[in-house]
>>> print(open('query34.txt').read())   # compact mmCIF, C-alpha atoms and all ligand atoms
# COMPACT_ATOMS: atom_id res chain seq x y z
CA MET K 114 17.55 -18.25 -2.77
CA THR K 115 14.20 -18.56 -1.16
CA ALA K 116 11.11 -16.70 -0.06
CA GLU K 117 10.48 -19.24 2.75
CA ALA K 118 11.08 -16.48 5.33
CA LEU K 119 7.75 -14.91 4.38
CA LYS K 120 5.84 -17.75 6.02
CA ASN K 121 6.34 -16.12 9.44
CA PHE K 122 6.13 -12.54 8.23
CA THR K 123 4.52 -10.01 10.62
CA LYS K 124 3.13 -6.92 8.92
CA ILE K 125 3.71 -3.35 10.04
CA THR K 126 0.31 -1.78 10.77
CA ALA K 127 -0.76 1.82 11.43
CA LYS K 128 -0.27 1.08 15.14
CA THR K 129 3.18 -0.47 14.80
CA ILE K 130 4.90 2.00 12.47
CA PRO K 131 8.47 2.25 13.75
CA GLU K 132 9.35 5.55 15.39
CA VAL K 133 13.01 5.37 14.44
CA GLU K 134 14.25 7.74 11.75
CA PRO K 135 17.45 6.26 10.33
CA PHE K 136 17.25 8.95 7.63
CA ALA K 137 17.50 12.30 9.42
CA SER K 138 15.60 15.47 8.60
CA GLY K 139 17.53 18.59 7.66
CA HIS K 140 18.59 17.20 4.29
CA ARG K 141 18.48 19.45 1.24
CA ALA K 142 15.80 17.84 -0.92
CA CYS K 143 13.41 20.21 -2.69
CA GLN K 144 10.16 21.13 -0.99
CA GLY K 145 7.59 18.36 -1.39
CA CYS K 146 10.05 15.79 -2.80
CA GLY K 147 8.34 12.39 -3.12
CA GLU K 148 11.65 10.60 -3.52
CA VAL K 149 12.98 11.63 -0.12
CA LEU K 150 9.67 10.62 1.47
CA ALA K 151 10.03 7.15 -0.06
CA LEU K 152 13.59 6.98 1.25
CA ARG K 153 12.53 7.99 4.76
CA LEU K 154 9.79 5.34 4.78
CA LEU K 155 12.03 2.55 3.58
CA MET K 156 14.69 3.43 6.14
CA LYS K 157 12.08 3.40 8.91
CA ALA K 158 10.92 -0.03 7.77
CA ILE K 159 14.43 -1.50 7.89
CA GLY K 160 15.65 0.26 11.03
CA PRO K 161 19.12 1.35 12.10
CA GLU K 162 20.79 -2.03 11.75
CA MET K 163 21.72 -2.04 8.09
CA VAL K 164 24.38 -0.99 5.61
CA ALA K 165 23.22 1.53 3.00
CA VAL K 166 24.96 1.83 -0.34
CA SER K 167 23.87 4.80 -2.36
CA CYS K 168 25.01 5.99 -5.72
CA THR K 169 25.14 9.46 -7.16
CA GLY K 170 21.74 11.03 -7.67
CA CYS K 171 19.38 13.42 -5.90
CA MET K 172 19.10 11.40 -2.70
CA GLU K 173 22.82 11.16 -2.23
CA VAL K 174 23.54 14.76 -3.07
CA VAL K 175 20.87 16.14 -0.72
CA SER K 176 21.95 13.93 2.18
CA SER K 177 25.72 13.74 2.25
CA THR K 178 27.31 17.12 1.79
CA PHE K 179 30.42 16.75 3.95
CA PRO K 180 30.73 17.32 6.92
CA GLN K 181 26.99 16.76 7.35
CA THR K 182 25.03 13.58 6.78
CA SER K 183 21.43 12.40 7.01
CA TRP K 184 22.44 8.74 7.25
CA ARG K 185 22.23 7.43 10.81
CA VAL K 186 23.44 4.03 9.59
CA PRO K 187 26.71 2.74 8.15
CA TRP K 188 26.67 4.25 4.68
CA ILE K 189 28.90 3.93 1.67
CA HIS K 190 29.01 6.03 -1.46
CA ALA K 191 29.04 4.22 -4.79
CA ALA K 192 29.67 5.70 -8.21
CA PHE K 193 26.69 6.34 -10.46
CA GLU K 194 27.16 3.04 -12.29
CA ASN K 195 27.91 0.50 -9.58
CA ALA K 196 25.61 0.60 -6.53
CA ALA K 197 24.77 -3.09 -6.95
CA ALA K 198 28.43 -4.09 -7.37
CA VAL K 199 29.44 -2.20 -4.22
CA ALA K 200 26.54 -3.76 -2.27
CA SER K 201 27.66 -7.21 -3.52
CA GLY K 202 31.13 -6.49 -2.16
CA VAL K 203 29.79 -5.40 1.22
CA GLU K 204 27.64 -8.50 1.49
CA ALA K 205 30.45 -10.85 0.41
CA ALA K 206 32.94 -9.21 2.80
CA HIS K 207 30.47 -9.54 5.64
CA LYS K 208 30.11 -13.27 4.96
CA VAL K 209 33.90 -13.71 4.98
CA MET K 210 34.26 -11.79 8.26
CA ILE K 211 31.65 -14.07 9.84
CA ARG K 212 33.39 -17.17 8.47
CA LYS K 213 36.74 -16.00 9.88
CA GLY K 214 35.17 -15.23 13.24
CA TYR K 215 35.67 -11.45 13.15
CA LEU K 216 31.92 -10.80 13.29
CA PRO K 217 29.09 -12.62 15.06
CA LYS K 218 26.88 -14.81 12.89
CA LYS K 219 24.07 -12.44 12.08
CA ARG K 220 22.37 -11.24 8.90
CA ILE K 221 22.75 -7.48 8.47
CA PRO K 222 20.61 -6.02 5.67
CA VAL K 223 22.63 -4.55 2.82
CA VAL K 224 20.55 -2.13 0.79
CA ALA K 225 21.58 -0.48 -2.46
CA ILE K 226 19.66 2.69 -3.30
CA ALA K 227 19.75 4.31 -6.73
CA GLY K 228 17.67 6.54 -8.99
CA ASP K 229 16.09 5.38 -12.22
CA GLY K 230 19.08 6.65 -14.24
CA GLY K 231 21.47 4.78 -11.96
CA THR K 232 19.31 1.67 -12.25
CA ALA K 233 17.69 1.41 -15.68
CA ASP K 234 20.59 2.93 -17.60
CA ILE K 235 24.09 3.24 -16.26
CA GLY K 236 23.89 0.76 -13.35
CA LEU K 237 21.94 -1.95 -15.18
CA GLN K 238 24.96 -4.13 -15.89
CA ALA K 239 26.16 -4.05 -12.26
CA LEU K 240 22.62 -4.79 -11.10
CA SER K 241 22.19 -7.70 -13.49
CA GLY K 242 25.49 -9.19 -12.36
CA ALA K 243 24.62 -8.90 -8.68
CA LEU K 244 21.16 -10.43 -9.20
CA GLU K 245 22.63 -13.25 -11.25
CA ARG K 246 25.29 -14.02 -8.63
CA GLY K 247 22.56 -14.31 -6.02
CA HIS K 248 23.88 -11.93 -3.37
CA ASP K 249 21.77 -11.57 -0.25
CA PHE K 250 20.89 -7.89 -0.63
CA VAL K 251 18.04 -5.52 -1.44
CA TYR K 252 18.17 -3.20 -4.41
CA VAL K 253 15.85 -0.18 -4.31
CA CYS K 254 15.21 1.94 -7.37
CA LEU K 255 13.80 5.37 -6.50
CA ASP K 256 12.10 6.15 -9.79
CA ASN K 257 11.38 9.83 -10.43
CA GLU K 258 11.37 9.13 -14.16
CA ALA K 259 14.38 11.25 -15.17
CA TYR K 260 17.93 12.27 -14.29
CA MET K 261 16.81 14.97 -11.88
CA ASN K 262 20.04 15.69 -10.06
CA THR K 263 21.81 16.90 -13.17
CA GLY K 264 18.98 18.95 -14.62
CA ILE K 265 15.95 16.84 -15.63
CA GLN K 266 17.33 14.85 -18.56
CA ARG K 267 15.36 11.88 -19.89
CA SER K 268 16.21 8.38 -18.71
CA SER K 269 14.98 5.09 -20.11
CA ALA K 270 12.40 5.15 -17.29
CA THR K 271 10.89 8.44 -18.53
CA PRO K 272 7.36 7.73 -19.75
CA PHE K 273 6.27 8.28 -23.36
CA GLY K 274 5.31 11.90 -24.05
CA ALA K 275 6.98 13.47 -21.01
CA MET K 276 8.89 16.70 -21.43
CA THR K 277 12.45 16.72 -20.10
CA THR K 278 15.33 19.03 -20.95
CA THR K 279 16.61 16.47 -23.47
CA THR K 280 13.14 15.60 -24.83
CA PRO K 281 11.63 19.05 -25.28
CA PRO K 282 8.30 19.07 -27.11
CA GLY K 283 7.99 21.28 -30.18
CA LYS K 284 7.23 21.23 -33.87
CA TYR K 285 8.98 17.92 -34.45
CA SER K 286 8.60 16.20 -31.09
CA GLN K 287 5.97 15.35 -28.51
CA GLY K 288 8.50 14.83 -25.74
CA GLN K 289 9.92 11.43 -24.81
CA HIS K 290 9.36 9.14 -27.80
CA THR K 291 10.21 5.76 -26.27
CA GLN K 292 8.23 3.75 -23.72
CA LYS K 293 9.27 3.43 -20.09
CA LYS K 294 11.69 0.55 -19.57
CA ASN K 295 10.07 -2.23 -17.53
CA MET K 296 12.66 -2.58 -14.75
CA PRO K 297 10.63 -4.88 -12.43
CA ALA K 298 10.21 -7.34 -15.33
CA ILE K 299 13.94 -7.17 -16.09
CA ALA K 300 14.78 -7.85 -12.43
CA ALA K 301 12.25 -10.70 -12.32
CA ALA K 302 13.78 -12.26 -15.44
CA HIS K 303 16.83 -13.04 -13.26
CA ASP K 304 14.66 -15.51 -11.40
CA ILE K 305 15.19 -13.81 -8.03
CA PRO K 306 12.93 -14.60 -5.05
CA TYR K 307 11.37 -11.17 -4.59
CA VAL K 308 10.41 -8.24 -6.81
CA ALA K 309 7.91 -5.54 -5.85
CA THR K 310 6.62 -2.15 -6.90
CA ALA K 311 5.75 0.40 -4.21
CA SER K 312 4.64 3.98 -3.74
CA PRO K 313 4.98 6.53 -0.93
CA ALA K 314 1.21 7.18 -1.22
CA TYR K 315 0.67 3.64 0.11
CA HIS K 316 3.12 3.88 2.97
CA LEU K 317 2.24 0.68 4.86
CA ASP K 318 2.37 -1.33 1.66
CA LEU K 319 5.78 0.22 0.90
CA MET K 320 7.20 -0.48 4.36
CA ASN K 321 5.95 -4.06 4.39
CA LYS K 322 7.43 -4.74 0.97
CA ILE K 323 10.80 -3.45 2.12
CA ARG K 324 10.56 -5.64 5.23
CA LYS K 325 9.79 -8.66 3.07
CA ALA K 326 12.67 -7.83 0.74
CA VAL K 327 15.00 -7.76 3.75
CA ALA K 328 13.56 -10.94 5.29
CA ILE K 329 14.07 -12.98 2.14
CA GLU K 330 17.43 -14.60 1.62
CA GLY K 331 18.93 -13.77 -1.75
CA PRO K 332 18.49 -10.77 -4.01
CA ALA K 333 15.36 -8.64 -3.81
CA TYR K 334 14.38 -5.74 -6.05
CA VAL K 335 11.92 -3.00 -5.02
CA HIS K 336 10.90 -0.35 -7.53
CA ILE K 337 9.47 2.75 -5.82
CA PHE K 338 7.52 5.40 -7.71
CA SER K 339 8.94 8.74 -6.54
CA PRO K 340 7.21 11.93 -7.72
CA CYS K 341 9.52 14.91 -8.21
CA PRO K 342 7.67 18.23 -8.13
CA THR K 343 10.69 20.06 -9.54
CA GLY K 344 11.21 17.81 -12.55
CA TRP K 345 7.54 17.10 -13.15
CA ARG K 346 6.74 20.81 -13.06
CA MET K 347 4.02 20.54 -10.46
CA ARG K 348 3.13 22.17 -7.15
CA PRO K 349 5.23 20.80 -4.24
CA GLU K 350 2.23 19.70 -2.19
CA LEU K 351 1.11 17.27 -4.92
CA ALA K 352 3.75 14.55 -4.62
CA VAL K 353 1.69 12.11 -2.56
CA GLU K 354 -1.50 12.89 -4.46
CA SER K 355 0.21 12.27 -7.80
CA ALA K 356 1.68 9.00 -6.49
CA ARG K 357 -1.84 7.93 -5.48
CA LEU K 358 -3.28 8.98 -8.84
CA ALA K 359 -0.58 7.00 -10.65
CA VAL K 360 -1.94 3.87 -8.97
CA ARG K 361 -5.60 4.79 -9.44
CA THR K 362 -5.15 5.53 -13.15
CA ARG K 363 -3.20 2.24 -13.57
CA VAL K 364 -0.05 4.14 -14.60
CA PHE K 365 1.89 2.47 -11.77
CA PRO K 366 0.35 -0.85 -10.66
CA LEU K 367 1.29 -2.12 -7.21
CA TYR K 368 2.36 -5.75 -7.37
CA GLU K 369 4.81 -8.35 -6.08
CA ILE K 370 6.52 -11.24 -7.81
CA ILE K 371 7.36 -13.87 -5.17
CA ASN K 372 9.30 -16.87 -6.42
CA GLY K 373 8.14 -15.97 -9.93
CA LYS K 374 4.44 -15.70 -9.02
CA TYR K 375 2.62 -12.40 -9.55
CA ILE K 376 0.38 -10.86 -6.88
CA LEU K 377 -1.58 -7.71 -7.74
CA ASN K 378 -1.77 -5.81 -4.45
CA ARG K 379 -4.33 -3.23 -5.52
CA LYS K 380 -6.93 -4.04 -8.14
CA VAL K 381 -8.04 -0.97 -10.08
CA ASN K 382 -11.28 -2.09 -11.70
CA LYS K 383 -12.53 1.40 -12.48
CA PRO K 384 -9.45 3.48 -13.33
CA LYS K 385 -9.59 7.25 -13.07
CA PRO K 386 -9.08 9.09 -16.38
CA LEU K 387 -5.40 9.45 -17.20
CA GLN K 388 -5.88 13.19 -17.70
CA GLU K 389 -6.49 13.56 -13.92
CA TYR K 390 -2.94 12.35 -13.32
CA PHE K 391 -1.45 14.30 -16.22
CA GLN K 392 -3.19 17.64 -15.69
CA PRO K 393 -1.24 19.01 -12.67
CA GLN K 394 2.10 18.07 -14.22
CA GLY K 395 3.70 20.57 -16.59
CA ARG K 396 5.73 17.79 -18.21
CA PHE K 397 2.58 16.45 -19.94
CA ARG K 398 0.84 19.78 -20.60
CA HIS K 399 1.74 19.86 -24.32
CA LEU K 400 0.00 16.55 -25.11
CA ASP K 401 -3.18 16.66 -27.23
CA GLU K 402 -6.28 14.56 -26.49
CA LYS K 403 -5.45 11.98 -29.16
CA THR K 404 -2.01 11.33 -27.71
CA VAL K 405 -3.37 11.10 -24.16
CA ALA K 406 -5.95 8.55 -25.37
CA LYS K 407 -3.17 6.54 -27.07
CA ILE K 408 -1.11 6.55 -23.87
CA GLU K 409 -4.19 5.59 -21.83
CA ASN K 410 -4.79 2.54 -24.06
CA ARG K 411 -1.24 1.37 -23.47
CA VAL K 412 -1.47 1.99 -19.72
CA ASN K 413 -4.60 -0.19 -19.60
CA ALA K 414 -3.03 -2.92 -21.73
CA GLU K 415 0.06 -3.04 -19.47
CA TYR K 416 -2.10 -3.19 -16.34
CA GLU K 417 -4.20 -6.00 -17.84
CA LYS K 418 -1.04 -8.02 -18.55
CA ILE K 419 -0.08 -7.90 -14.88
CA ALA K 420 -3.66 -8.53 -13.71
CA LYS K 421 -3.89 -11.61 -15.98
CA ARG K 422 -0.55 -12.96 -14.74
CA ALA K 423 -1.68 -12.47 -11.14
CA GLU K 424 -4.99 -14.20 -11.84
CA ALA K 425 -3.24 -17.14 -13.46
CA ASP K 426 -0.73 -17.38 -10.59
CA ALA K 427 -3.32 -17.10 -7.78
CA PRO K 428 -3.51 -20.26 -5.66
CA GLU K 429 -6.71 -22.25 -6.12
CA GLU K 430 -9.21 -21.76 -3.31
C1 LIG K 501 29.66 8.05 -14.67
C2 LIG K 501 28.86 9.26 -14.31
N1 LIG K 501 28.16 9.88 -15.29
C3 LIG K 501 27.44 10.97 -15.00
C4 LIG K 501 27.39 11.45 -13.72
C5 LIG K 501 26.62 12.70 -13.41
N2 LIG K 501 25.40 12.43 -12.69
C6 LIG K 501 25.33 12.50 -11.35
S1 LIG K 501 23.79 12.24 -10.76
C7 LIG K 501 23.18 12.05 -12.32
C8 LIG K 501 21.71 11.82 -12.56
C9 LIG K 501 21.08 10.88 -11.59
O1 LIG K 501 19.82 10.49 -12.05
P1 LIG K 501 19.02 9.34 -11.37
O2 LIG K 501 19.85 8.15 -11.17
O3 LIG K 501 17.76 9.13 -12.14
O4 LIG K 501 18.70 9.92 -9.92
P2 LIG K 501 17.90 11.26 -9.50
O5 LIG K 501 18.91 12.34 -9.41
O6 LIG K 501 16.86 11.51 -10.52
O7 LIG K 501 17.33 10.92 -8.17
C10 LIG K 501 24.19 12.15 -13.28
C11 LIG K 501 24.00 12.07 -14.74
C12 LIG K 501 28.13 10.78 -12.72
N3 LIG K 501 28.11 11.16 -11.45
N4 LIG K 501 28.85 9.68 -13.03
S1 LIG K 502 14.87 17.41 -8.03
FE1 LIG K 502 13.09 16.13 -7.58
S2 LIG K 502 13.87 14.17 -6.75
FE2 LIG K 502 15.53 15.72 -6.69
S3 LIG K 502 15.40 16.55 -4.60
FE3 LIG K 502 14.21 17.90 -5.95
S4 LIG K 502 12.09 17.12 -5.86
FE4 LIG K 502 13.46 15.53 -5.01
>>> encode(input="query34.txt", output="structure tokens", more="lines below")
Ligand SMILES: Cc1ncc(C[n+]2csc(CCOP(=O)(O)OP(=O)(O)O)c2C)c(N)n1
Ligand code: SF4
Amino acid sequence: MTAEALKNFTKITAKTIPEVEPFASGHRACQGCGEVLALRLLMKAIGPEMVAVSCTGCMEVVSSTFPQTSWRVPWIHAAFENAAAVASGVEAAHKVMIRKGYLPKKRIPVVAIAGDGGTADIGLQALSGALERGHDFVYVCLDNEAYMNTGIQRSSATPFGAMTTTTPPGKYSQGQHTQKKNMPAIAAAHDIPYVATASPAYHLDLMNKIRKAVAIEGPAYVHIFSPCPTGWRMRPELAVESARLAVRTRVFPLYEIINGKYILNRKVNKPKPLQEYFQPQGRFRHLDEKTVAKIENRVNAEYEKIAKRAEADAPEE
């Protein structure tokens, strides 16, 4: 397992964005869906030569209603709980076919795609196993911070205070009462060569991270922030803006962990007030000033942890 491949890495720039669209339009995602935008960008970055494994969730349901499909690549459906296990099987079978001479010797990217429920909750065991076994594949979590496909229930990636249908605020509750599970840290704890966070508001950064994840041999994990206007109770045109604000308020820091070393891709020295990010989203509308301030303190503390790690890991000049 190594990140050696990054030594010769050529970045996608505004001028070299691929024109291919391996994920076709005409799918049935809601208007303004940030998750489907993230999916389109990551598919463009990889290109048509890949195998996609996707598990149940919004992106599968909107794209694969038989007899239609949005996937212009070999695609396999996995159950909600086992995207990583199915991807492991595809990758292992491919290796065997090469060894037996049925296929030419060539690396074909195998990419597992799941929502935050399929990743942080029900698919976590399959993911941990696949990362531990060291399969050469990329795992992408499209994080819209709840189980959207089945009606906006909370997941362990739902942030503190957010309203979902299973964490309704009221007299006895302020919404979600646990903190968002730190999936990138959990993936990194498996000592894999590449972990990254990405956002559709920073599209070149997202595409380059996916390219790096594919280039690296061994398991790679990319966690993509994916605003969901429907579940977040916000206007459909705000998905990209809210993804940008999540970075600028420090809610969702953009970073990479390469061979265990942290790199903060976007320093946010003067964060915007958290309320700017919260205000357009109905899921946070019930929160009082004191609670928002409490959440803001934690957001800053979490960001500082990553910034400090990155500072400590930075190579000496
Ligand atoms: C074992 C199992 N339990 C429950 C379901 C029902 N189910 C399908 S999609 C889904 C929610 C998916 O949430 P997430 O993974 O966060 O993806 P999103 O829809 O938010 O993109 C659930 C609970 C299922 N398909 N299989
Ligand atoms: S519910 Fe949310 S994530 Fe699902 S398709 Fe609609 S906007 Fe996209």
>>> residues_near_ligand(input="query34.txt", ligand="ligand LIG 501 (chain K)", cutoff="10 Å", atoms="all atoms listed in the file", output="JSON list (two decimals) with C-alpha atoms, in the coordinates of the input")
[["chain", "number", "residue", "atom", "x", "y", "z"],
["K", 148, "GLU", "CA", 11.65, 10.60, -3.52],
["K", 149, "VAL", "CA", 12.98, 11.63, -0.12],
["K", 168, "CYS", "CA", 25.01, 5.99, -5.72],
["K", 169, "THR", "CA", 25.14, 9.46, -7.16],
["K", 170, "GLY", "CA", 21.74, 11.03, -7.67],
["K", 171, "CYS", "CA", 19.38, 13.42, -5.90],
["K", 172, "MET", "CA", 19.10, 11.40, -2.70],
["K", 173, "GLU", "CA", 22.82, 11.16, -2.23],
["K", 174, "VAL", "CA", 23.54, 14.76, -3.07],
["K", 175, "VAL", "CA", 20.87, 16.14, -0.72],
["K", 191, "ALA", "CA", 29.04, 4.22, -4.79],
["K", 192, "ALA", "CA", 29.67, 5.70, -8.21],
["K", 193, "PHE", "CA", 26.69, 6.34, -10.46],
["K", 194, "GLU", "CA", 27.16, 3.04, -12.29],
["K", 195, "ASN", "CA", 27.91, 0.50, -9.58],
["K", 226, "ILE", "CA", 19.66, 2.69, -3.30],
["K", 227, "ALA", "CA", 19.75, 4.31, -6.73],
["K", 228, "GLY", "CA", 17.67, 6.54, -8.99],
["K", 229, "ASP", "CA", 16.09, 5.38, -12.22],
["K", 230, "GLY", "CA", 19.08, 6.65, -14.24],
["K", 231, "GLY", "CA", 21.47, 4.78, -11.96],
["K", 232, "THR", "CA", 19.31, 1.67, -12.25],
["K", 233, "ALA", "CA", 17.69, 1.41, -15.68],
["K", 234, "ASP", "CA", 20.59, 2.93, -17.60],
["K", 235, "ILE", "CA", 24.09, 3.24, -16.26],
["K", 236, "GLY", "CA", 23.89, 0.76, -13.35],
["K", 254, "CYS", "CA", 15.21, 1.94, -7.37],
["K", 255, "LEU", "CA", 13.80, 5.37, -6.50],
["K", 256, "ASP", "CA", 12.10, 6.15, -9.79],
["K", 257, "ASN", "CA", 11.38, 9.83, -10.43],
["K", 258, "GLU", "CA", 11.37, 9.13, -14.16],
["K", 259, "ALA", "CA", 14.38, 11.25, -15.17],
["K", 260, "TYR", "CA", 17.93, 12.27, -14.29],
["K", 261, "MET", "CA", 16.81, 14.97, -11.88],
["K", 262, "ASN", "CA", 20.04, 15.69, -10.06],
["K", 263, "THR", "CA", 21.81, 16.90, -13.17],
["K", 264, "GLY", "CA", 18.98, 18.95, -14.62],
["K", 265, "ILE", "CA", 15.95, 16.84, -15.63],
["K", 266, "GLN", "CA", 17.33, 14.85, -18.56],
["K", 267, "ARG", "CA", 15.36, 11.88, -19.89],
["K", 268, "SER", "CA", 16.21, 8.38, -18.71],
["K", 269, "SER", "CA", 14.98, 5.09, -20.11],
["K", 270, "ALA", "CA", 12.40, 5.15, -17.29],
["K", 271, "THR", "CA", 10.89, 8.44, -18.53],
["K", 339, "SER", "CA", 8.94, 8.74, -6.54],
["K", 341, "CYS", "CA", 9.52, 14.91, -8.21],
["K", 344, "GLY", "CA", 11.21, 17.81, -12.55]]
>>> axis_aligned_box(input="query34.txt", around="ligand LIG 502 (chain K)", padding_each_side="5 Å", output="JSON")
{"center_x": 13.8, "center_y": 16.0, "center_z": -6.3, "size_x": 13.4, "size_y": 13.7, "size_z": 13.4}
>>> residues_around(input="query34.txt", residues="Gln287 (chain K)", least_positions_apart="6", cutoff="8 Å", atoms="only C-alpha atoms", output="PyMOL selection string")
chain K and resi 274-276+281+399-400
>>> atom_distance(input="query34.txt", atom1="CA of Ser183 (chain K)", atom2="CA of Met156 (chain K)")
11.3 Å
>>> atom_distance(input="query34.txt", atom1="CA of Val251 (chain K)", atom2="CA of Arg220 (chain K)")
12.6 Å
>>> atom_distance(input="query34.txt", atom1="CA of Lys120 (chain K)", atom2="CA of Ala333 (chain K)")
16.4 Å
>>> residues_near_point(input="query34.txt", point="(8.8, -5.0, 4.5)", cutoff="12 Å", atoms="all atoms listed in the file", output="MDAnalysis selection string")
chainID K and resid 118:119 122:126 130:131 154:160 222 251 307:311 316:329 333:335 369
>>> write_last_selection(input="query34.txt", atoms="C-alpha atoms", output="PDB file, in the frame of the given file")
ATOM      1  CA  ALA K 118      11.080 -16.480   5.330  1.00  0.00           C
ATOM      2  CA  LEU K 119       7.750 -14.910   4.380  1.00  0.00           C
ATOM      3  CA  PHE K 122       6.130 -12.540   8.230  1.00  0.00           C
ATOM      4  CA  THR K 123       4.520 -10.010  10.620  1.00  0.00           C
ATOM      5  CA  LYS K 124       3.130  -6.920   8.920  1.00  0.00           C
ATOM      6  CA  ILE K 125       3.710  -3.350  10.040  1.00  0.00           C
ATOM      7  CA  THR K 126       0.310  -1.780  10.770  1.00  0.00           C
ATOM      8  CA  ILE K 130       4.900   2.000  12.470  1.00  0.00           C
ATOM      9  CA  PRO K 131       8.470   2.250  13.750  1.00  0.00           C
ATOM     10  CA  LEU K 154       9.790   5.340   4.780  1.00  0.00           C
ATOM     11  CA  LEU K 155      12.030   2.550   3.580  1.00  0.00           C
ATOM     12  CA  MET K 156      14.690   3.430   6.140  1.00  0.00           C
ATOM     13  CA  LYS K 157      12.080   3.400   8.910  1.00  0.00           C
ATOM     14  CA  ALA K 158      10.920  -0.030   7.770  1.00  0.00           C
ATOM     15  CA  ILE K 159      14.430  -1.500   7.890  1.00  0.00           C
ATOM     16  CA  GLY K 160      15.650   0.260  11.030  1.00  0.00           C
ATOM     17  CA  PRO K 222      20.610  -6.020   5.670  1.00  0.00           C
ATOM     18  CA  VAL K 251      18.040  -5.520  -1.440  1.00  0.00           C
ATOM     19  CA  TYR K 307      11.370 -11.170  -4.590  1.00  0.00           C
ATOM     20  CA  VAL K 308      10.410  -8.240  -6.810  1.00  0.00           C
ATOM     21  CA  ALA K 309       7.910  -5.540  -5.850  1.00  0.00           C
ATOM     22  CA  THR K 310       6.620  -2.150  -6.900  1.00  0.00           C
ATOM     23  CA  ALA K 311       5.750   0.400  -4.210  1.00  0.00           C
ATOM     24  CA  HIS K 316       3.120   3.880   2.970  1.00  0.00           C
ATOM     25  CA  LEU K 317       2.240   0.680   4.860  1.00  0.00           C
ATOM     26  CA  ASP K 318       2.370  -1.330   1.660  1.00  0.00           C
ATOM     27  CA  LEU K 319       5.780   0.220   0.900  1.00  0.00           C
ATOM     28  CA  MET K 320       7.200  -0.480   4.360  1.00  0.00           C
ATOM     29  CA  ASN K 321       5.950  -4.060   4.390  1.00  0.00           C
ATOM     30  CA  LYS K 322       7.430  -4.740   0.970  1.00  0.00           C
ATOM     31  CA  ILE K 323      10.800  -3.450   2.120  1.00  0.00           C
ATOM     32  CA  ARG K 324      10.560  -5.640   5.230  1.00  0.00           C
ATOM     33  CA  LYS K 325       9.790  -8.660   3.070  1.00  0.00           C
ATOM     34  CA  ALA K 326      12.670  -7.830   0.740  1.00  0.00           C
ATOM     35  CA  VAL K 327      15.000  -7.760   3.750  1.00  0.00           C
ATOM     36  CA  ALA K 328      13.560 -10.940   5.290  1.00  0.00           C
ATOM     37  CA  ILE K 329      14.070 -12.980   2.140  1.00  0.00           C
ATOM     38  CA  ALA K 333      15.360  -8.640  -3.810  1.00  0.00           C
ATOM     39  CA  TYR K 334      14.380  -5.740  -6.050  1.00  0.00           C
ATOM     40  CA  VAL K 335      11.920  -3.000  -5.020  1.00  0.00           C
ATOM     41  CA  GLU K 369       4.810  -8.350  -6.080  1.00  0.00           C
TER      42      GLU K 369
END
>>> closest_residue(input="query34.txt", among="K:Ser176, K:Lys128, K:Met163, K:Pro428", to="Ala142 (chain K)", atoms="all atoms listed in the file")
K:Ser176
>>> residues_around(input="query34.txt", residues="Trp184 (chain K)", least_positions_apart="4", cutoff="8 Å", atoms="only C-alpha atoms", output="list in words")
Pro135, Phe136, Ala137, Ser176, Ser177 and Trp188 of chain K
>>> closest_residue(input="query34.txt", among="K:Lys421, K:Arg361, K:Lys383, K:Lys219", to="Glu204 (chain K)", atoms="only C-alpha atoms")
K:Lys219
>>> closest_residue(input="query34.txt", among="K:His303, K:Arg363, K:His140, K:Arg379", to="ligand LIG 502 (chain K)", atoms="only C-alpha atoms and all ligand atoms")
K:His140
>>> residues_near_point(input="query34.txt", point="(-2.8, -9.4, -16.9)", cutoff="12 Å", atoms="only C-alpha atoms", output="list in words")
Pro366, Tyr368, Tyr375, Ile376, Leu377, Lys380, Val412, Asn413, Ala414, Glu415, Tyr416, Glu417, Lys418, Ile419, Ala420, Lys421, Arg422, Ala423, Glu424, Ala425, Asp426 and Ala427 of chain K
>>> closest_residue(input="query34.txt", among="K:Glu350, K:Glu330, K:Glu132, K:Asp304", to="ligand LIG 502 (chain K)", atoms="only C-alpha atoms and all ligand atoms")
K:Glu350
>>> closest_residue(input="query34.txt", among="K:Leu367, K:Val186, K:Val164, K:Leu351", to="ligand LIG 502 (chain K)", atoms="all atoms listed in the file")
K:Leu351
>>> residues_around(input="query34.txt", residues="His248 (chain K)", least_positions_apart="5", cutoff="8 Å", atoms="all atoms listed in the file", output="PyMOL selection string")
chain K and resi 201+204-205+243+331-332
>>> write_last_selection(input="query34.txt", atoms="C-alpha atoms", output="PDB file, keeping the file's coordinate frame")
ATOM      1  CA  SER K 201      27.660  -7.210  -3.520  1.00  0.00           C
ATOM      2  CA  GLU K 204      27.640  -8.500   1.490  1.00  0.00           C
ATOM      3  CA  ALA K 205      30.450 -10.850   0.410  1.00  0.00           C
ATOM      4  CA  ALA K 243      24.620  -8.900  -8.680  1.00  0.00           C
ATOM      5  CA  GLY K 331      18.930 -13.770  -1.750  1.00  0.00           C
ATOM      6  CA  PRO K 332      18.490 -10.770  -4.010  1.00  0.00           C
TER       7      PRO K 332
END
>>> closest_residue(input="query34.txt", among="K:Gly288, K:Gly214, K:Pro306, K:Pro313", to="Leu358 (chain K)", atoms="only C-alpha atoms")
K:Pro313
